[in-house]
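A short worksheet on the structure shown next.
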Amino acid sequence: MKTIQSAESVCQGHPDKIADLISDAILDDLIQKDPYAKASIEVLITTGLVHVSGELSTDAYVDIPNIARNTLIEIGYTKPEYGFDGYSAGVITTVDEQSPEIALGIPSEGAGDTSIVVGYATDETENFMPLACNIAKNITQRLDYLRKEDILTFLRPDGKAIAVVEYENGKPVRLDSLTILVQHEPYIAEHELKEAVMEEVVKKVIDEKYITSKTNIVINPIGRFVIGGPMADTGLTGRKIIADSYGTSAASGGSAFSGKDPTKIDRSASYMARFIAKNVVASGLAKRCNVEMVYVIGMEHPISFNVYTYNEKGEYITKKIKNMFSLSPYEIIEFLDLRKPIYKKATKYGHFGIFDEELLWENLDKNFQERLKSE
């Protein structure tokens, strides 16, 4: 049986991803100074303006305008001809204290929000991510690298990739289509741009065994893409939740991650769900694994927890993990060591499938796997 799965990834200069990165840059600075700070930071970006809003509970001082501008410069918004740059962009800050009703109503080990969270893993790739996610992410990473290293000098910061993969009997067999949008300098001819992206991006990052004569590769489908970034489109924190997770391979809990401290269970428990799913698959107990949890604000434990393995072991694994973890917010934070400034790097190209020793939700834990398999 043939099926299709797809995924999107965006470059760091995409307006929504800029907002995510600023939100998490502010969070990192805050947690660096106060690991127990509570934060929910939302950023809206439009032409020439960054608007930072949200709630904080901390005594630490964070220079929000400076962090926002430095993040824009780091991304590559350094030229006035982009219509938006880190040197001249205005920054408006409207950040309030956390609601006293919420602060009083949540016990120290209770969930900081009401949320559905999902974790997923598959054995189809080395990092246990869907193939479409890896292809899309590798494209945007490569575009950002070539731009920042001045290898392809015509590249501007905005861009995205959408990969569609065909499966037969549950296994990926070919890349059905790939769409790449590349913001560029006005001097580059369309055919030159397409040739360069094919040679320096597509052929460099995609295993040729997945590209067939039927694969449809489209680069800049409407032609010129000179005006991009916040000059062309408003950006907002948390608008790329499917790109940030598993594409169409798994459901989304519906909540964004960026700008939220780890007591916000929609972020921390999503990381824990990924850890569980990845290690279930790595243990050999399943080829695919989907973990779903439901939390209610103020409650210490999830009111629902289920592991789906697409075989007969799901119920068994669910019971095993319930005996191994309470899955309280406090336990998750401690187990994954989440009171550290690690969040900006986690959000650059999606929060999962990243090889980084500080992002513990991506760890392969042999002890955990052996405990899962033990009777």
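Residue numbering restarts at 1 for every chain of the structure tokens, chains are lettered A, B, ... in their displayed order, and ligands are numbered from 1 as they appear.
Within 8 Å of segment 354-370 of chain A there are Asn127, Tyr271, Met272, Arg274, Phe275, Lys278, Asn279, Val280, Ala282, Ser283, Leu336, Asp337, Ile342, Ala346, His351, Phe352, Leu372, Lys373 and Ser374 of chain A, counting only C-alpha atoms and ignoring same-chain residues fewer than 2 positions away.
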How would the residues just chosen look if you wrote them out with N, CA and C atoms as a PDB file, in the first residue's frame?
ATOM      1  N   ASN A 127      18.341   9.288  12.944  1.00  0.00           N
ATOM      2  CA  ASN A 127      17.957  10.113  14.094  1.00  0.00           C
ATOM      3  C   ASN A 127      16.512   9.875  14.522  1.00  0.00           C
ATOM      4  N   TYR A 271       8.999  17.277  25.003  1.00  0.00           N
ATOM      5  CA  TYR A 271      10.359  16.757  24.945  1.00  0.00           C
ATOM      6  C   TYR A 271      10.437  15.372  25.592  1.00  0.00           C
ATOM      7  N   MET A 272       9.752  15.194  26.714  1.00  0.00           N
ATOM      8  CA  MET A 272       9.766  13.891  27.381  1.00  0.00           C
ATOM      9  C   MET A 272       9.082  12.828  26.521  1.00  0.00           C
ATOM     10  N   ARG A 274       8.989  12.747  23.294  1.00  0.00           N
ATOM     11  CA  ARG A 274       9.951  12.399  22.240  1.00  0.00           C
ATOM     12  C   ARG A 274      11.010  11.446  22.794  1.00  0.00           C
ATOM     13  N   PHE A 275      11.519  11.715  23.991  1.00  0.00           N
ATOM     14  CA  PHE A 275      12.521  10.835  24.604  1.00  0.00           C
ATOM     15  C   PHE A 275      11.985   9.408  24.730  1.00  0.00           C
ATOM     16  N   LYS A 278      11.481   7.805  21.164  1.00  0.00           N
ATOM     17  CA  LYS A 278      12.756   7.493  20.506  1.00  0.00           C
ATOM     18  C   LYS A 278      13.402   6.260  21.118  1.00  0.00           C
ATOM     19  N   ASN A 279      13.378   6.146  22.442  1.00  0.00           N
ATOM     20  CA  ASN A 279      14.025   5.018  23.097  1.00  0.00           C
ATOM     21  C   ASN A 279      13.218   3.731  22.983  1.00  0.00           C
ATOM     22  N   VAL A 280      11.902   3.840  22.854  1.00  0.00           N
ATOM     23  CA  VAL A 280      11.100   2.651  22.573  1.00  0.00           C
ATOM     24  C   VAL A 280      11.506   2.063  21.223  1.00  0.00           C
ATOM     25  N   ALA A 282      14.364   2.668  19.555  1.00  0.00           N
ATOM     26  CA  ALA A 282      15.770   2.259  19.603  1.00  0.00           C
ATOM     27  C   ALA A 282      15.949   0.922  20.319  1.00  0.00           C
ATOM     28  N   SER A 283      15.047   0.602  21.234  1.00  0.00           N
ATOM     29  CA  SER A 283      15.124  -0.663  21.975  1.00  0.00           C
ATOM     30  C   SER A 283      14.741  -1.858  21.118  1.00  0.00           C
ATOM     31  N   LEU A 336      15.444  15.674  32.351  1.00  0.00           N
ATOM     32  CA  LEU A 336      15.976  16.209  31.099  1.00  0.00           C
ATOM     33  C   LEU A 336      16.869  17.437  31.310  1.00  0.00           C
ATOM     34  N   ASP A 337      17.055  17.838  32.579  1.00  0.00           N
ATOM     35  CA  ASP A 337      17.935  18.963  32.912  1.00  0.00           C
ATOM     36  C   ASP A 337      17.564  20.208  32.100  1.00  0.00           C
ATOM     37  N   ILE A 342      19.228  26.496  26.832  1.00  0.00           N
ATOM     38  CA  ILE A 342      19.431  25.602  25.692  1.00  0.00           C
ATOM     39  C   ILE A 342      18.382  25.791  24.603  1.00  0.00           C
ATOM     40  N   ALA A 346      17.621  24.884  20.220  1.00  0.00           N
ATOM     41  CA  ALA A 346      16.646  23.815  19.998  1.00  0.00           C
ATOM     42  C   ALA A 346      15.586  24.202  18.980  1.00  0.00           C
ATOM     43  N   HIS A 351      12.438  21.103  16.846  1.00  0.00           N
ATOM     44  CA  HIS A 351      12.948  20.767  18.178  1.00  0.00           C
ATOM     45  C   HIS A 351      13.399  19.327  18.329  1.00  0.00           C
ATOM     46  N   PHE A 352      13.274  18.525  17.276  1.00  0.00           N
ATOM     47  CA  PHE A 352      13.543  17.101  17.411  1.00  0.00           C
ATOM     48  C   PHE A 352      14.471  16.612  16.300  1.00  0.00           C
ATOM     49  N   LEU A 372      12.883  -1.154  29.893  1.00  0.00           N
ATOM     50  CA  LEU A 372      11.665  -1.356  29.108  1.00  0.00           C
ATOM     51  C   LEU A 372      11.497  -2.820  28.715  1.00  0.00           C
ATOM     52  N   LYS A 373      12.603  -3.455  28.346  1.00  0.00           N
ATOM     53  CA  LYS A 373      12.525  -4.814  27.832  1.00  0.00           C
ATOM     54  C   LYS A 373      12.509  -5.888  28.921  1.00  0.00           C
ATOM     55  N   SER A 374      12.894  -5.501  30.150  1.00  0.00           N
ATOM     56  CA  SER A 374      12.946  -6.487  31.226  1.00  0.00           C
ATOM     57  C   SER A 374      11.554  -6.878  31.692  1.00  0.00           C
TER      58      SER A 374
END
>> I'd like to know which residues of segment 29-196 of chain A are strand (DSSP E or B) (by DSSP, run on the backbone); could you write them as a PyMOL selection string?
In response: chain A and resi 38-46+49-57+90-97+115-122+155-168+171-184
>> Just to confirm, what's the straight-line distance from atom CA of Gly235 of chain A to atom CA of Tyr61 of chain A in Å (one decimal)?
In response: 25.6 Å
> Can you tell me how far atom CA of Asp59 of chain A sits from atom CA of Ser88 of chain A, in Å to one decimal?
Replying inline: 29.2 Å
> Interatomic distance between atom CA of Leu327 of chain A and atom CA of Tyr310 of chain A?
Replying inline: 22.7 Å
